[in-house]
>>> print(open('protein.cif').read())   # mmCIF, C-alpha atoms and all ligand atoms
data_data
loop_
_atom_site.label_atom_id
_atom_site.label_comp_id
_atom_site.auth_asym_id
_atom_site.auth_seq_id
_atom_site.Cartn_x
_atom_site.Cartn_y
_atom_site.Cartn_z
CA MET A 1 22.83 4.25 -4.86
CA SER A 2 20.88 6.21 -2.25
CA ARG A 3 17.52 7.67 -3.22
CA PRO A 4 16.59 11.28 -2.49
CA ALA A 5 14.11 11.67 0.40
CA ALA A 6 10.49 11.69 -0.80
CA ASP A 7 9.87 15.10 0.76
CA GLY A 8 12.63 16.94 -1.09
CA GLY A 9 14.33 17.96 2.16
CA THR A 10 11.51 19.36 4.34
CA GLY A 11 11.78 16.61 7.00
CA GLY A 12 8.64 14.82 5.82
CA LEU A 13 8.56 11.01 5.77
CA PHE A 14 6.59 8.88 3.33
CA LEU A 15 5.79 5.42 4.74
CA THR A 16 3.65 2.82 2.98
CA PHE A 17 2.12 -0.54 3.93
CA GLU A 18 1.72 -3.32 1.39
CA GLY A 19 0.71 -6.96 1.34
CA PRO A 20 -1.91 -9.45 0.20
CA GLU A 21 -5.54 -9.33 1.38
CA GLY A 22 -6.06 -9.40 5.14
CA ALA A 23 -2.34 -9.16 5.94
CA GLY A 24 -2.99 -6.71 8.80
CA LYS A 25 -1.94 -3.47 7.12
CA SER A 26 -4.73 -1.36 8.62
CA THR A 27 -4.04 -2.81 12.08
CA GLN A 28 -0.32 -2.06 11.85
CA LEU A 29 -0.80 1.33 10.23
CA ALA A 30 -2.88 2.43 13.24
CA ALA A 31 -0.13 1.24 15.62
CA LEU A 32 2.57 3.07 13.65
CA VAL A 33 0.52 6.27 13.69
CA ARG A 34 0.31 5.98 17.50
CA HIS A 35 4.09 5.50 17.70
CA LEU A 36 4.73 8.49 15.45
CA HIS A 37 2.39 10.69 17.48
CA GLY A 38 4.22 9.49 20.61
CA ALA A 39 7.48 10.64 19.02
CA GLY A 40 5.94 14.07 18.49
CA ARG A 41 5.44 13.78 14.72
CA ALA A 42 2.53 15.32 12.86
CA VAL A 43 1.00 12.51 10.81
CA THR A 44 -1.24 12.33 7.76
CA GLU A 45 -2.92 8.94 7.50
CA THR A 46 -4.39 7.90 4.19
CA ARG A 47 -5.12 4.94 1.95
CA GLU A 48 -5.47 3.71 -1.61
CA PRO A 49 -7.75 3.68 -3.33
CA GLY A 50 -9.32 6.58 -1.43
CA GLY A 51 -8.10 9.51 0.60
CA THR A 52 -9.81 12.18 -1.55
CA LEU A 53 -13.36 12.69 -2.78
CA LEU A 54 -12.34 11.35 -6.19
CA GLY A 55 -10.47 8.44 -4.61
CA THR A 56 -13.47 7.51 -2.49
CA GLN A 57 -15.66 7.35 -5.60
CA VAL A 58 -13.02 5.30 -7.43
CA ARG A 59 -12.80 2.92 -4.47
CA ARG A 60 -16.57 2.31 -4.59
CA VAL A 61 -16.38 1.53 -8.32
CA VAL A 62 -13.22 -0.54 -8.40
CA LEU A 63 -14.20 -2.79 -5.46
CA ASP A 64 -17.84 -3.24 -6.54
CA PRO A 65 -18.36 -7.02 -6.85
CA GLU A 66 -21.22 -6.47 -9.32
CA LEU A 67 -19.02 -4.71 -11.92
CA GLU A 68 -17.21 -6.41 -14.79
CA MET A 69 -13.87 -4.71 -15.46
CA GLY A 70 -10.85 -5.49 -17.63
CA PRO A 71 -7.28 -5.23 -16.31
CA LEU A 72 -6.54 -1.97 -18.19
CA PRO A 73 -9.54 0.06 -16.94
CA GLU A 74 -8.89 -1.37 -13.47
CA PHE A 75 -5.30 -0.10 -13.62
CA LEU A 76 -6.33 3.32 -14.93
CA LEU A 77 -8.88 3.75 -12.16
CA TYR A 78 -6.28 2.99 -9.47
CA SER A 79 -3.90 5.39 -11.21
CA ALA A 80 -6.51 8.17 -11.30
CA SER A 81 -7.10 7.79 -7.57
CA ARG A 82 -3.34 7.82 -6.91
CA ALA A 83 -2.64 10.90 -9.04
CA GLN A 84 -5.31 12.86 -7.14
CA LEU A 85 -4.09 11.60 -3.75
CA VAL A 86 -0.45 12.52 -4.40
CA THR A 87 -1.37 16.04 -5.58
CA GLU A 88 -4.08 16.82 -3.07
CA VAL A 89 -2.87 15.07 0.09
CA ILE A 90 0.57 13.42 0.07
CA ARG A 91 2.82 16.11 -1.42
CA PRO A 92 1.28 18.96 0.61
CA ALA A 93 1.68 16.95 3.84
CA LEU A 94 5.32 16.11 3.04
CA ALA A 95 5.94 19.77 2.24
CA ARG A 96 4.62 20.64 5.73
CA GLY A 97 7.23 18.23 7.14
CA GLU A 98 4.69 15.61 8.24
CA ALA A 99 4.95 11.85 8.25
CA VAL A 100 2.55 10.44 5.64
CA VAL A 101 1.44 6.87 6.32
CA CYS A 102 -0.41 5.28 3.41
CA ASP A 103 -2.28 1.95 3.34
CA ARG A 104 -1.17 0.66 -0.11
CA TYR A 105 0.51 2.67 -2.89
CA ALA A 106 2.17 2.01 -6.25
CA ASP A 107 3.64 -1.39 -5.28
CA SER A 108 0.05 -2.69 -5.09
CA THR A 109 -0.41 -1.75 -8.74
CA LEU A 110 2.70 -3.69 -9.78
CA ALA A 111 1.70 -6.68 -7.64
CA TYR A 112 -2.04 -6.81 -8.48
CA GLN A 113 -2.31 -5.40 -12.02
CA GLY A 114 1.20 -6.51 -13.06
CA TYR A 115 2.02 -9.87 -11.47
CA GLY A 116 -1.65 -10.66 -10.76
CA ARG A 117 -3.49 -9.51 -13.92
CA GLY A 118 -0.51 -9.82 -16.27
CA LEU A 119 -0.20 -6.21 -17.50
CA ASP A 120 3.28 -5.21 -18.64
CA LEU A 121 5.37 -4.07 -15.66
CA ASP A 122 7.30 -1.40 -17.62
CA PHE A 123 4.06 0.11 -18.91
CA LEU A 124 2.62 0.18 -15.38
CA SER A 125 5.80 1.80 -14.04
CA ARG A 126 5.82 4.49 -16.73
CA VAL A 127 2.20 5.51 -16.13
CA THR A 128 2.70 5.34 -12.36
CA THR A 129 5.71 7.64 -12.58
CA GLU A 130 3.55 10.12 -14.52
CA ALA A 131 0.68 9.80 -12.04
CA THR A 132 2.88 10.35 -8.98
CA GLY A 133 5.48 12.72 -10.40
CA GLY A 134 8.00 10.04 -9.45
CA LEU A 135 7.17 10.09 -5.72
CA VAL A 136 8.58 6.94 -4.08
CA PRO A 137 8.15 6.02 -0.38
CA ASP A 138 11.05 6.39 2.05
CA LEU A 139 10.11 3.05 3.59
CA THR A 140 7.63 0.33 2.62
CA VAL A 141 6.47 -2.31 5.11
CA LEU A 142 5.48 -5.53 3.35
CA LEU A 143 3.35 -7.78 5.54
CA ASP A 144 3.78 -11.15 3.90
CA LEU A 145 1.09 -13.79 4.30
CA ASP A 146 -0.16 -16.96 2.62
CA PRO A 147 -3.08 -15.59 0.56
CA ALA A 148 -5.41 -18.40 1.70
CA LEU A 149 -4.91 -17.26 5.30
CA GLY A 150 -5.36 -13.59 4.39
CA LEU A 151 -8.55 -14.24 2.43
CA ALA A 152 -9.91 -16.24 5.37
CA ARG A 153 -9.16 -13.30 7.69
CA ALA A 154 -10.82 -10.86 5.29
CA ALA A 155 -13.85 -13.17 4.85
CA ARG A 156 -14.67 -12.87 8.55
CA ARG A 157 -15.60 -9.24 7.84
CA GLY A 158 -18.43 -10.15 5.44
CA GLN A 159 -19.02 -10.26 1.69
CA PRO A 160 -15.81 -10.29 -0.40
CA ASP A 161 -15.17 -7.27 -2.65
CA ARG A 162 -14.35 -7.56 -6.38
CA LEU A 163 -10.62 -8.14 -5.83
CA GLU A 164 -11.12 -10.57 -2.94
CA ARG A 165 -13.34 -12.62 -5.30
CA ALA A 166 -10.44 -13.31 -7.66
CA ASP A 167 -9.19 -16.90 -7.46
CA LEU A 168 -6.39 -18.19 -5.24
CA ALA A 169 -3.96 -18.47 -8.19
CA PHE A 170 -4.33 -14.71 -8.76
CA HIS A 171 -3.68 -13.94 -5.10
CA THR A 172 -0.70 -16.32 -5.10
CA ARG A 173 0.83 -14.39 -8.03
CA VAL A 174 0.18 -11.13 -6.17
CA ARG A 175 2.05 -12.39 -3.12
CA ALA A 176 4.97 -13.57 -5.26
CA GLY A 177 4.96 -10.17 -6.97
CA PHE A 178 5.25 -8.31 -3.67
CA LEU A 179 8.16 -10.54 -2.63
CA ALA A 180 9.91 -9.93 -5.98
CA LEU A 181 9.46 -6.16 -5.61
CA ALA A 182 10.88 -6.29 -2.09
CA ALA A 183 13.85 -8.38 -3.19
CA ALA A 184 14.63 -5.85 -5.92
CA GLU A 185 14.66 -2.92 -3.48
CA PRO A 186 15.91 -4.18 -0.11
CA GLY A 187 16.84 -0.66 0.97
CA ARG A 188 13.24 0.55 0.78
CA PHE A 189 11.33 -2.54 1.92
CA VAL A 190 11.11 -4.26 5.25
CA VAL A 191 9.40 -7.65 4.95
CA LEU A 192 7.65 -9.13 7.99
CA ASP A 193 5.85 -12.42 8.58
CA ALA A 194 2.20 -11.35 9.02
CA THR A 195 1.34 -14.50 10.99
CA ARG A 196 3.26 -13.11 13.98
CA PRO A 197 1.26 -11.58 16.85
CA VAL A 198 0.02 -8.01 16.34
CA ALA A 199 2.17 -6.50 19.13
CA GLU A 200 5.33 -8.24 17.91
CA LEU A 201 4.78 -6.90 14.39
CA SER A 202 4.12 -3.38 15.69
CA ALA A 203 7.39 -3.44 17.62
CA GLY A 204 9.27 -4.71 14.55
CA ILE A 205 7.79 -2.01 12.34
CA TRP A 206 8.65 0.75 14.79
CA ALA A 207 12.20 -0.61 15.10
CA ALA A 208 12.51 -0.59 11.31
CA VAL A 209 11.25 2.99 11.07
CA GLU A 210 13.68 4.11 13.79
CA ALA A 211 16.64 2.14 12.42
CA ARG A 212 16.33 3.01 8.75
CA LEU A 213 15.60 6.67 9.03
CA PRO A 214 17.87 9.32 10.50
CA SER A 215 16.81 10.41 14.00
CA SER A 216 16.59 14.01 12.81
CA ARG A 217 13.64 12.96 10.64
CA LEU A 218 11.82 11.22 13.49
CA ALA A 219 11.60 14.03 16.01
N1 LIG B 301 -5.49 -2.76 -5.19
C1 LIG B 301 -5.09 -1.64 -4.53
C2 LIG B 301 -5.05 -3.02 -6.49
O1 LIG B 301 -5.45 -4.03 -7.10
N2 LIG B 301 -4.22 -2.13 -7.10
C3 LIG B 301 -3.80 -0.98 -6.48
O2 LIG B 301 -3.05 -0.19 -7.09
C4 LIG B 301 -4.25 -0.73 -5.15
C5 LIG B 301 -3.82 0.51 -4.43
C6 LIG B 301 -8.07 -2.54 -1.78
C7 LIG B 301 -8.02 -3.56 -2.87
O3 LIG B 301 -7.52 -2.95 -4.03
C8 LIG B 301 -6.42 -3.69 -4.53
C9 LIG B 301 -5.86 -4.41 -3.34
C10 LIG B 301 -7.10 -4.71 -2.52
O4 LIG B 301 -7.68 -5.90 -3.04
P1 LIG B 301 -8.85 -2.80 0.69
O5 LIG B 301 -10.19 -2.93 1.32
O6 LIG B 301 -8.07 -1.58 1.00
O7 LIG B 301 -9.00 -2.97 -0.86
O8 LIG B 301 -8.11 -4.16 0.99
P2 LIG B 301 -6.89 -4.44 1.84
O9 LIG B 301 -5.86 -3.38 1.63
O10 LIG B 301 -6.47 -5.84 1.53
O11 LIG B 301 -7.40 -4.30 3.32
P3 LIG B 301 -7.90 -5.37 4.32
O12 LIG B 301 -8.65 -4.59 5.35
O13 LIG B 301 -8.59 -6.50 3.65
O14 LIG B 301 -6.61 -5.97 4.94
P4 LIG B 301 -5.55 -5.39 5.92
O15 LIG B 301 -5.71 -3.93 6.14
O16 LIG B 301 -4.24 -5.87 5.45
O17 LIG B 301 -5.86 -6.17 7.25
P5 LIG B 301 -6.57 -5.69 8.61
O18 LIG B 301 -5.63 -4.93 9.46
O19 LIG B 301 -7.90 -5.09 8.28
O20 LIG B 301 -6.76 -7.11 9.28
C11 LIG B 301 -7.60 -8.10 8.70
C12 LIG B 301 -8.10 -9.05 9.81
O21 LIG B 301 -6.98 -9.77 10.32
C13 LIG B 301 -6.84 -9.54 11.72
C14 LIG B 301 -7.59 -8.25 12.02
O22 LIG B 301 -8.05 -8.20 13.34
C15 LIG B 301 -8.73 -8.33 11.02
O23 LIG B 301 -9.76 -9.12 11.50
N3 LIG B 301 -5.39 -9.43 11.99
C16 LIG B 301 -4.66 -10.42 12.49
N4 LIG B 301 -4.98 -11.69 12.89
C17 LIG B 301 -3.96 -12.45 13.36
N5 LIG B 301 -2.65 -12.03 13.47
C18 LIG B 301 -2.30 -10.78 13.08
N6 LIG B 301 -1.03 -10.38 13.19
C19 LIG B 301 -3.32 -9.93 12.57
N7 LIG B 301 -3.33 -8.65 12.11
C20 LIG B 301 -4.59 -8.38 11.75
#
>>> encode(input="protein.cif", output="structure tokens", more="lines below")
Ligand code: T5A
Amino acid sequence: MSRPAADGGTGGLFLTFEGPEGAGKSTQLAALVRHLHGAGRAVTETREPGGTLLGTQVRRVVLDPELEMGPLPEFLLYSASRAQLVTEVIRPALARGEAVVCDRYADSTLAYQGYGRGLDLDFLSRVTTEATGGLVPDLTVLLDLDPALGLARAARRGQPDRLERADLAFHTRVRAGFLALAAAEPGRFVVLDATRPVAELSAGIWAAVEARLPSSRLA
């Protein structure tokens, strides 16, 4: 069954990037934004957690390696950031007909707090639907990577954050979770091998955006 467009018919596009730590989402998001600008699209670029004043504060708290936090408060903090981002940034941009490109979204909650931390997936989905008003991306790019490789990439940047400090078994469950989510919704996800060279991945992502979405929504 086809899903209604995320924008409700204004021509907006909602594109998200997902994957384990260090998979190259930020790198590929920047390349996609350049491609979209080249195609004449207005683009709103954002990320989770973050993207609003509230989200920026949540990000500082939730990634703080000094803080102890249980799975439920962790989930609720991510959800608070997401609810604010959808209301304040994503829906208005889609209503203006823009392409919204978001570094992580609700699939990260299912992968990290669900498959990773073990919270009930139905509970997470129910709260997430409330937090987002049911907003689902038009297309989700999953950059798949062995978590050991991704953590090594991320470690080159400096001190690990609170999530990066979780053990390899956690990050292995997160990766498996992303792959399960993608398998359940092949029409929304495109899964790419994140060990491929940056330029090859960028070309693949642009091809997927062009191929899966009607040309009238690209120009
Ligand atoms: N989280 C998030 C949850 O638990 N629940 C949620 O609901 C949400 C929304 C966010 C953390 O919060 C968790 C997930 C995360 O743990 P973050 O800082 O946003 O924290 O973390 P990440 O999203 O993982 O961002 P990273 O910056 O760590 O990774 P990226 O963006 O995937 O990777 P990028 O582009 O910065 O690249 C990492 C390094 O790899 C190199 C880059 O040059 C860079 O050095 N690289 C490549 N190297 C080789 N080949 C390629 N193809 C490469 N592409 C990039």
>>> closest_residue(input="protein.cif", among="A:Ala131, A:Leu143, A:Ala111, A:Ala194", to="His171 (chain A)", atoms="all atoms listed in the file")
A:Ala111
>>> closest_atom_pairs(input="protein.cif", of="chain A", to="ligand LIG 301 (chain B)", cutoff="8 Å", atoms="all atoms listed in the file", output="CSV")
residue,atom,partner,partner_atom,distance
A:Glu18,CA,B:LIG301,O9,7.6
A:Gly19,CA,B:LIG301,O16,6.5
A:Pro20,CA,B:LIG301,O10,6.0
A:Glu21,CA,B:LIG301,O10,3.6
A:Gly22,CA,B:LIG301,O14,3.5
A:Ala23,CA,B:LIG301,O16,3.8
A:Gly24,CA,B:LIG301,O18,3.3
A:Lys25,CA,B:LIG301,O16,3.7
A:Ser26,CA,B:LIG301,O15,3.7
A:Thr27,CA,B:LIG301,O18,3.7
A:Gln28,CA,B:LIG301,O18,6.5
A:Leu29,CA,B:LIG301,O18,7.9
A:Arg47,CA,B:LIG301,O6,7.2
A:Glu48,CA,B:LIG301,C5,4.6
A:Pro49,CA,B:LIG301,C5,5.2
A:Arg59,CA,B:LIG301,C6,7.7
A:Val62,CA,B:LIG301,O3,7.6
A:Leu63,CA,B:LIG301,C7,6.7
A:Glu74,CA,B:LIG301,O1,7.7
A:Phe75,CA,B:LIG301,O2,6.9
A:Tyr78,CA,B:LIG301,O2,5.1
A:Ser79,CA,B:LIG301,O2,7.0
A:Arg82,CA,B:LIG301,C5,7.7
A:Asp103,CA,B:LIG301,O9,6.6
A:Arg104,CA,B:LIG301,C5,5.1
A:Tyr105,CA,B:LIG301,C5,5.1
A:Ala106,CA,B:LIG301,O2,5.7
A:Asp107,CA,B:LIG301,O2,7.0
A:Ser108,CA,B:LIG301,C3,4.4
A:Thr109,CA,B:LIG301,O2,3.5
A:Leu110,CA,B:LIG301,O2,7.2
A:Ala111,CA,B:LIG301,N2,7.5
A:Tyr112,CA,B:LIG301,O1,4.6
A:Gln113,CA,B:LIG301,O1,6.0
A:Leu143,CA,B:LIG301,O16,7.8
A:Gly150,CA,B:LIG301,O21,7.2
A:Leu151,CA,B:LIG301,O13,7.8
A:Arg153,CA,B:LIG301,C12,4.9
A:Ala154,CA,B:LIG301,O13,5.2
A:Arg156,CA,B:LIG301,O23,6.8
A:Arg157,CA,B:LIG301,O23,6.9
A:Asp161,CA,B:LIG301,O4,7.6
A:Arg162,CA,B:LIG301,O4,7.6
A:Leu163,CA,B:LIG301,O4,4.6
A:Glu164,CA,B:LIG301,O4,5.8
A:Ala194,CA,B:LIG301,N6,5.4
A:Thr195,CA,B:LIG301,N6,5.2
A:Arg196,CA,B:LIG301,N6,5.1
A:Pro197,CA,B:LIG301,N6,4.5
A:Val198,CA,B:LIG301,N6,4.1
A:Ala199,CA,B:LIG301,N6,7.8
A:Leu201,CA,B:LIG301,N6,6.9
>>> write_last_selection(input="protein.cif", atoms="C-alpha atoms", output="mmCIF file, in the coordinates of the input")
data_model
loop_
_atom_site.group_PDB
_atom_site.id
_atom_site.type_symbol
_atom_site.label_atom_id
_atom_site.label_comp_id
_atom_site.auth_asym_id
_atom_site.auth_seq_id
_atom_site.Cartn_x
_atom_site.Cartn_y
_atom_site.Cartn_z
ATOM 1 C CA GLU A 18 1.720 -3.320 1.390
ATOM 2 C CA GLY A 19 0.710 -6.960 1.340
ATOM 3 C CA PRO A 20 -1.910 -9.450 0.200
ATOM 4 C CA GLU A 21 -5.540 -9.330 1.380
ATOM 5 C CA GLY A 22 -6.060 -9.400 5.140
ATOM 6 C CA ALA A 23 -2.340 -9.160 5.940
ATOM 7 C CA GLY A 24 -2.990 -6.710 8.800
ATOM 8 C CA LYS A 25 -1.940 -3.470 7.120
ATOM 9 C CA SER A 26 -4.730 -1.360 8.620
ATOM 10 C CA THR A 27 -4.040 -2.810 12.080
ATOM 11 C CA GLN A 28 -0.320 -2.060 11.850
ATOM 12 C CA LEU A 29 -0.800 1.330 10.230
ATOM 13 C CA ARG A 47 -5.120 4.940 1.950
ATOM 14 C CA GLU A 48 -5.470 3.710 -1.610
ATOM 15 C CA PRO A 49 -7.750 3.680 -3.330
ATOM 16 C CA ARG A 59 -12.800 2.920 -4.470
ATOM 17 C CA VAL A 62 -13.220 -0.540 -8.400
ATOM 18 C CA LEU A 63 -14.200 -2.790 -5.460
ATOM 19 C CA GLU A 74 -8.890 -1.370 -13.470
ATOM 20 C CA PHE A 75 -5.300 -0.100 -13.620
ATOM 21 C CA TYR A 78 -6.280 2.990 -9.470
ATOM 22 C CA SER A 79 -3.900 5.390 -11.210
ATOM 23 C CA ARG A 82 -3.340 7.820 -6.910
ATOM 24 C CA ASP A 103 -2.280 1.950 3.340
ATOM 25 C CA ARG A 104 -1.170 0.660 -0.110
ATOM 26 C CA TYR A 105 0.510 2.670 -2.890
ATOM 27 C CA ALA A 106 2.170 2.010 -6.250
ATOM 28 C CA ASP A 107 3.640 -1.390 -5.280
ATOM 29 C CA SER A 108 0.050 -2.690 -5.090
ATOM 30 C CA THR A 109 -0.410 -1.750 -8.740
ATOM 31 C CA LEU A 110 2.700 -3.690 -9.780
ATOM 32 C CA ALA A 111 1.700 -6.680 -7.640
ATOM 33 C CA TYR A 112 -2.040 -6.810 -8.480
ATOM 34 C CA GLN A 113 -2.310 -5.400 -12.020
ATOM 35 C CA LEU A 143 3.350 -7.780 5.540
ATOM 36 C CA GLY A 150 -5.360 -13.590 4.390
ATOM 37 C CA LEU A 151 -8.550 -14.240 2.430
ATOM 38 C CA ARG A 153 -9.160 -13.300 7.690
ATOM 39 C CA ALA A 154 -10.820 -10.860 5.290
ATOM 40 C CA ARG A 156 -14.670 -12.870 8.550
ATOM 41 C CA ARG A 157 -15.600 -9.240 7.840
ATOM 42 C CA ASP A 161 -15.170 -7.270 -2.650
ATOM 43 C CA ARG A 162 -14.350 -7.560 -6.380
ATOM 44 C CA LEU A 163 -10.620 -8.140 -5.830
ATOM 45 C CA GLU A 164 -11.120 -10.570 -2.940
ATOM 46 C CA ALA A 194 2.200 -11.350 9.020
ATOM 47 C CA THR A 195 1.340 -14.500 10.990
ATOM 48 C CA ARG A 196 3.260 -13.110 13.980
ATOM 49 C CA PRO A 197 1.260 -11.580 16.850
ATOM 50 C CA VAL A 198 0.020 -8.010 16.340
ATOM 51 C CA ALA A 199 2.170 -6.500 19.130
ATOM 52 C CA LEU A 201 4.780 -6.900 14.390
#
>>> atom_distance(input="protein.cif", atom1="CA of Leu76 (chain A)", atom2="CA of Tyr115 (chain A)")
16.0 Å
>>> residues_around(input="protein.cif", residues="Thr172 (chain A)", least_positions_apart="4", cutoff="8 Å", atoms="only C-alpha atoms", output="MDAnalysis selection string")
chainID A and resid 146:147 168 176
>>> atom_distance(input="protein.cif", atom1="CA of Ile205 (chain A)", atom2="CA of Ala31 (chain A)")
9.2 Å
>>> residues_near_point(input="protein.cif", point="(9.8, -4.9, 1.9)", cutoff="9 Å", atoms="all atoms listed in the file", output="list in words")
Glu18, Leu139, Thr140, Val141, Leu142, Leu143, Asp144, Phe178, Leu179, Leu181, Ala182, Ala183, Glu185, Pro186, Gly187, Arg188, Phe189, Val190, Val191 and Leu192 of chain A
>>> write_last_selection(input="protein.cif", atoms="C-alpha atoms", output="PDB file, in the frame of the given file")
ATOM      1  CA  GLU A  18       1.720  -3.320   1.390  1.00  0.00           C
ATOM      2  CA  LEU A 139      10.110   3.050   3.590  1.00  0.00           C
ATOM      3  CA  THR A 140       7.630   0.330   2.620  1.00  0.00           C
ATOM      4  CA  VAL A 141       6.470  -2.310   5.110  1.00  0.00           C
ATOM      5  CA  LEU A 142       5.480  -5.530   3.350  1.00  0.00           C
ATOM      6  CA  LEU A 143       3.350  -7.780   5.540  1.00  0.00           C
ATOM      7  CA  ASP A 144       3.780 -11.150   3.900  1.00  0.00           C
ATOM      8  CA  PHE A 178       5.250  -8.310  -3.670  1.00  0.00           C
ATOM      9  CA  LEU A 179       8.160 -10.540  -2.630  1.00  0.00           C
ATOM     10  CA  LEU A 181       9.460  -6.160  -5.610  1.00  0.00           C
ATOM     11  CA  ALA A 182      10.880  -6.290  -2.090  1.00  0.00           C
ATOM     12  CA  ALA A 183      13.850  -8.380  -3.190  1.00  0.00           C
ATOM     13  CA  GLU A 185      14.660  -2.920  -3.480  1.00  0.00           C
ATOM     14  CA  PRO A 186      15.910  -4.180  -0.110  1.00  0.00           C
ATOM     15  CA  GLY A 187      16.840  -0.660   0.970  1.00  0.00           C
ATOM     16  CA  ARG A 188      13.240   0.550   0.780  1.00  0.00           C
ATOM     17  CA  PHE A 189      11.330  -2.540   1.920  1.00  0.00           C
ATOM     18  CA  VAL A 190      11.110  -4.260   5.250  1.00  0.00           C
ATOM     19  CA  VAL A 191       9.400  -7.650   4.950  1.00  0.00           C
ATOM     20  CA  LEU A 192       7.650  -9.130   7.990  1.00  0.00           C
TER      21      LEU A 192
END
>>> residues_near_point(input="protein.cif", point="(3.0, 16.5, -5.9)", cutoff="7 Å", atoms="only C-alpha atoms", output="PDB file with C-alpha atoms, in the frame of the given file")
ATOM      1  CA  VAL A  86      -0.450  12.520  -4.400  1.00  0.00           C
ATOM      2  CA  THR A  87      -1.370  16.040  -5.580  1.00  0.00           C
ATOM      3  CA  ARG A  91       2.820  16.110  -1.420  1.00  0.00           C
ATOM      4  CA  THR A 132       2.880  10.350  -8.980  1.00  0.00           C
ATOM      5  CA  GLY A 133       5.480  12.720 -10.400  1.00  0.00           C
TER       6      GLY A 133
END
>>> atom_distance(input="protein.cif", atom1="CA of Ser202 (chain A)", atom2="CA of Leu135 (chain A)")
25.5 Å
>>> closest_residue(input="protein.cif", among="A:Val127, A:Val33, A:Glu68, A:Glu98", to="Phe14 (chain A)", atoms="all atoms listed in the file")
A:Glu98
>>> closest_residue(input="protein.cif", among="A:Val43, A:Leu15, A:Leu53, A:Leu32", to="Ala203 (chain A)", atoms="only C-alpha atoms")
A:Leu32
>>> closest_residue(input="protein.cif", among="A:Gln159, A:Thr52, A:Asp193, A:Thr16", to="Val89 (chain A)", atoms="only C-alpha atoms")
A:Thr52
>>> closest_residue(input="protein.cif", among="A:Ala211, A:Pro92, A:Leu13, A:Gln84", to="Leu36 (chain A)", atoms="all atoms listed in the file")
A:Leu13
>>> build_atoms(input="protein.cif", residues="region 36-47 of chain A", atoms="N, CA, C and O atoms", output="JSON list (two decimals), in the frame of the given file")
[["chain", "number", "residue", "atom", "x", "y", "z"],
["A", 36, "LEU", "N", 4.25, 7.22, 16.01],
["A", 36, "LEU", "CA", 4.73, 8.49, 15.45],
["A", 36, "LEU", "C", 4.21, 9.68, 16.25],
["A", 36, "LEU", "O", 4.96, 10.62, 16.55],
["A", 37, "HIS", "N", 2.94, 9.62, 16.63],
["A", 37, "HIS", "CA", 2.39, 10.69, 17.48],
["A", 37, "HIS", "C", 3.16, 10.74, 18.80],
["A", 37, "HIS", "O", 3.51, 11.82, 19.29],
["A", 38, "GLY", "N", 3.47, 9.54, 19.35],
["A", 38, "GLY", "CA", 4.22, 9.49, 20.61],
["A", 38, "GLY", "C", 5.60, 10.10, 20.48],
["A", 38, "GLY", "O", 6.16, 10.62, 21.45],
["A", 39, "ALA", "N", 6.16, 10.04, 19.26],
["A", 39, "ALA", "CA", 7.48, 10.64, 19.02],
["A", 39, "ALA", "C", 7.36, 12.11, 18.64],
["A", 39, "ALA", "O", 8.35, 12.74, 18.26],
["A", 40, "GLY", "N", 6.13, 12.64, 18.72],
["A", 40, "GLY", "CA", 5.94, 14.07, 18.49],
["A", 40, "GLY", "C", 5.81, 14.46, 17.02],
["A", 40, "GLY", "O", 5.93, 15.63, 16.69],
["A", 41, "ARG", "N", 5.55, 13.47, 16.15],
["A", 41, "ARG", "CA", 5.44, 13.78, 14.72],
["A", 41, "ARG", "C", 4.01, 14.11, 14.35],
["A", 41, "ARG", "O", 3.07, 13.45, 14.80],
["A", 42, "ALA", "N", 3.83, 15.10, 13.50],
["A", 42, "ALA", "CA", 2.53, 15.32, 12.86],
["A", 42, "ALA", "C", 2.39, 14.25, 11.78],
["A", 42, "ALA", "O", 3.34, 13.98, 11.03],
["A", 43, "VAL", "N", 1.20, 13.64, 11.72],
["A", 43, "VAL", "CA", 1.00, 12.51, 10.81],
["A", 43, "VAL", "C", -0.23, 12.73, 9.94],
["A", 43, "VAL", "O", -1.27, 13.15, 10.42],
["A", 44, "THR", "N", -0.08, 12.44, 8.65],
["A", 44, "THR", "CA", -1.24, 12.33, 7.76],
["A", 44, "THR", "C", -1.40, 10.86, 7.42],
["A", 44, "THR", "O", -0.47, 10.22, 6.95],
["A", 45, "GLU", "N", -2.62, 10.36, 7.70],
["A", 45, "GLU", "CA", -2.92, 8.94, 7.50],
["A", 45, "GLU", "C", -3.86, 8.83, 6.31],
["A", 45, "GLU", "O", -4.85, 9.54, 6.26],
["A", 46, "THR", "N", -3.52, 7.99, 5.36],
["A", 46, "THR", "CA", -4.39, 7.90, 4.19],
["A", 46, "THR", "C", -4.34, 6.49, 3.60],
["A", 46, "THR", "O", -3.65, 5.61, 4.14],
["A", 47, "ARG", "N", -5.08, 6.28, 2.54],
["A", 47, "ARG", "CA", -5.12, 4.94, 1.95],
["A", 47, "ARG", "C", -5.43, 5.01, 0.46],
["A", 47, "ARG", "O", -5.95, 6.01, -0.04]]
